[in-house]
Amino acid sequence: MMKKYQEVLSGVFYDQVYPDGSSCDYDNYSSITINQFAVYDVDGDGQDELIIQFSTSSMAGMTESVYRYNAAADSVELELSEFPGAVYYDNGLALVGWSHNQGLAGDFWPYNVYQYNPETDEYEAVFSVDAWDRELADTDYDGNPYPADVDVNNDGIIFYIMPGGSYDTDHPVSLREYKSWYDSILGGASELKVPFQDLTEDNIRGVQ
């Protein structure tokens with residue numbers, strides 16, 4: 001497994017290609033060592049995954065990838081591909097901020113929520129979260145007024161909790177409702193401290 005992970009990392013380091021042969025979209029001027037990787041059991045299945053954060057690319061090309069090892073095929077398989085900066089929890093959740101925040105959320109950064117599914121051995125998109133900060137605008141881009149009836153405590157912000165892969169602003173919730181939902185999905189889980197290290201030749205050789 002570790003030999004295969006070294007092979008994958010070498011492909012990214014020397015050739016700037018992912019295991020499937022696709023380009024990393026390297027910008028050709030940033031140091032490749034800015035990128036990071038970790039070998040760690042982020043999904044809790046008892047086997048270490050390979051996590052690669054590649055950021056020396058265009059914004060659209062920045063990617064965080066989680067790979068699992070397939071012993072039967074001596075290959076790696078993709079569990080999650082997202083924008084860099086995922087936060088992993090010991091209940092199988094992964095929260096990933098959007099690459100851009102150009103809406104009405106203000107200081108709140110929208111994010112996607114993934115849940116590891118042991119049956120498929122992959123992370124599945126379960127929620128997306130966005131918000132509307134009233135200080136930014138009293139109406140949305142379609143001219144609809146801020147839903148003050150939802151913001152019952154006058155917190156100045158409402159939230160959209162949407163099914164994964166969709167964007168639906170028809171069902172806003174209050175700050176209190178959002179916090180209750182957030183606590184319910186975390187369920188007291190602890191954030192995992194993933195031991196990322198720079199993508200260097202020495203660190204790749206040290207994968208054992």
# chains A, B, ... in the order shown; residues from 1 in each chain; ligands from 1
$ residues_around --residues "Asn28 of chain A" --least-positions-apart "2" --cutoff "10 Å" --atoms "only C-alpha atoms" --output "short mmCIF file (atom, residue, chain, number, x, y, z; two decimals) with N, CA, C and O atoms, in the first residue's frame"
data_model
loop_
_atom_site.label_atom_id
_atom_site.label_comp_id
_atom_site.auth_asym_id
_atom_site.auth_seq_id
_atom_site.Cartn_x
_atom_site.Cartn_y
_atom_site.Cartn_z
N GLN A 16 3.18 15.93 -12.40
CA GLN A 16 1.96 16.72 -12.16
C GLN A 16 0.73 16.06 -12.79
O GLN A 16 -0.07 16.69 -13.47
N ASP A 25 -3.11 20.41 -13.45
CA ASP A 25 -3.29 21.82 -13.80
C ASP A 25 -2.24 22.70 -13.11
O ASP A 25 -2.53 23.78 -12.63
N TYR A 26 -1.01 22.19 -13.07
CA TYR A 26 0.10 22.91 -12.42
C TYR A 26 0.33 24.24 -13.11
O TYR A 26 0.32 24.33 -14.34
N SER A 30 4.78 28.24 -9.41
CA SER A 30 4.82 28.04 -7.96
C SER A 30 5.64 26.79 -7.65
O SER A 30 5.71 25.86 -8.44
N SER A 31 6.25 26.78 -6.47
CA SER A 31 6.99 25.59 -6.05
C SER A 31 6.05 24.43 -5.82
O SER A 31 5.03 24.57 -5.13
N ILE A 32 6.38 23.28 -6.40
CA ILE A 32 5.54 22.10 -6.24
C ILE A 32 5.44 21.67 -4.79
O ILE A 32 4.48 21.03 -4.37
N THR A 56 -1.23 24.53 -6.28
CA THR A 56 -0.42 25.32 -7.21
C THR A 56 -0.97 25.19 -8.62
O THR A 56 -0.35 24.63 -9.52
N SER A 57 -2.17 25.72 -8.80
CA SER A 57 -2.89 25.63 -10.06
C SER A 57 -3.82 26.82 -10.16
O SER A 57 -3.83 27.69 -9.28
#
$ closest_atom_pairs --of "segment 69-159 of chain A" --to "segment 6-11 of chain A" --cutoff "12 Å" --atoms "only C-alpha atoms" --output "Markdown table"
| residue | atom | partner | partner_atom | distance |
| --- | --- | --- | --- | --- |
| A:Tyr69 | CA | A:Val8 | CA | 10.9 |
| A:Asp74 | CA | A:Glu7 | CA | 11.2 |
| A:Ser75 | CA | A:Val8 | CA | 9.4 |
| A:Val76 | CA | A:Val8 | CA | 8.4 |
| A:Glu77 | CA | A:Val8 | CA | 11.1 |
$ closest_atom_pairs --of "segment 78-131 of chain A" --to "segment 188-206 of chain A" --cutoff "9 Å" --atoms "only C-alpha atoms" --output "Markdown table"
| residue | atom | partner | partner_atom | distance |
| --- | --- | --- | --- | --- |
| A:Val87 | CA | A:Glu191 | CA | 7.0 |
| A:Tyr88 | CA | A:Leu192 | CA | 5.6 |
| A:Tyr89 | CA | A:Glu191 | CA | 4.4 |
| A:Asp90 | CA | A:Ser190 | CA | 5.7 |
| A:Asn91 | CA | A:Ala189 | CA | 5.8 |
| A:Gly92 | CA | A:Ala189 | CA | 9.0 |
| A:Leu93 | CA | A:Ala189 | CA | 8.8 |
$ select_by_dssp --residues "segment 68-181 of chain A" --states "helix (DSSP H, G or I)" --output "NGL selection string"
:A and (175-181)
$ residues_around --residues "Trp181 of chain A" --least-positions-apart "4" --cutoff "12 Å" --atoms "only C-alpha atoms" --output "number ranges by chain"
A: 127, 129, 159-162, 173-177, 185-187
$ write_last_selection --atoms "C-alpha atoms" --output "mmCIF file, in the first residue's frame"
data_model
loop_
_atom_site.group_PDB
_atom_site.id
_atom_site.type_symbol
_atom_site.label_atom_id
_atom_site.label_comp_id
_atom_site.auth_asym_id
_atom_site.auth_seq_id
_atom_site.Cartn_x
_atom_site.Cartn_y
_atom_site.Cartn_z
ATOM 1 C CA PHE A 127 -25.752 18.799 2.385
ATOM 2 C CA VAL A 129 -25.023 25.289 3.349
ATOM 3 C CA PHE A 159 -29.332 30.015 6.374
ATOM 4 C CA TYR A 160 -30.064 27.606 3.562
ATOM 5 C CA ILE A 161 -29.514 23.923 4.350
ATOM 6 C CA MET A 162 -29.797 22.123 1.049
ATOM 7 C CA VAL A 173 -33.930 28.758 8.498
ATOM 8 C CA SER A 174 -33.004 30.967 11.424
ATOM 9 C CA LEU A 175 -29.641 31.088 13.157
ATOM 10 C CA ARG A 176 -31.067 29.066 16.024
ATOM 11 C CA GLU A 177 -32.394 26.381 13.679
ATOM 12 C CA ILE A 185 -25.041 16.302 12.294
ATOM 13 C CA LEU A 186 -21.804 16.570 14.264
ATOM 14 C CA GLY A 187 -23.292 14.536 17.090
#
$ select_by_dssp --residues "chain A" --states "strand (DSSP E)" --output "MDAnalysis selection string"
chainID A and resid 36:40 49:54 63:70 75:82 87:88 93:97 111:117 122:133 157:163 172:173 197:198
$ residues_around --residues "Val39 of chain A" --least-positions-apart "6" --cutoff "9 Å" --atoms "only C-alpha atoms" --output "ChimeraX atom specification"
/A:2,5,48-52,194-196,207
$ closest_residue --among "A:Ser128, A:Ser22, A:Asn117, A:Ser58" --to "Gly97 of chain A" --atoms "only C-alpha atoms"
A:Ser128
$ closest_residue --among "A:Pro172, A:Met1, A:Leu95, A:Gly165" --to "Ala73 of chain A" --atoms "only C-alpha atoms"
A:Met1
$ atom_distance --atom1 "atom CA of Trp98 of chain A" --atom2 "atom CA of Tyr178 of chain A"
18.0 Å
$ closest_residue --among "A:Arg68, A:Thr139, A:Gln208, A:Leu78" --to "Asp20 of chain A" --atoms "only C-alpha atoms"
A:Leu78
$ residues_around --residues "Ile158 of chain A" --least-positions-apart "3" --cutoff "9 Å" --atoms "only C-alpha atoms" --output "number ranges by chain"
A: 105, 130-134, 146-148, 150-151, 155, 172-175, 178
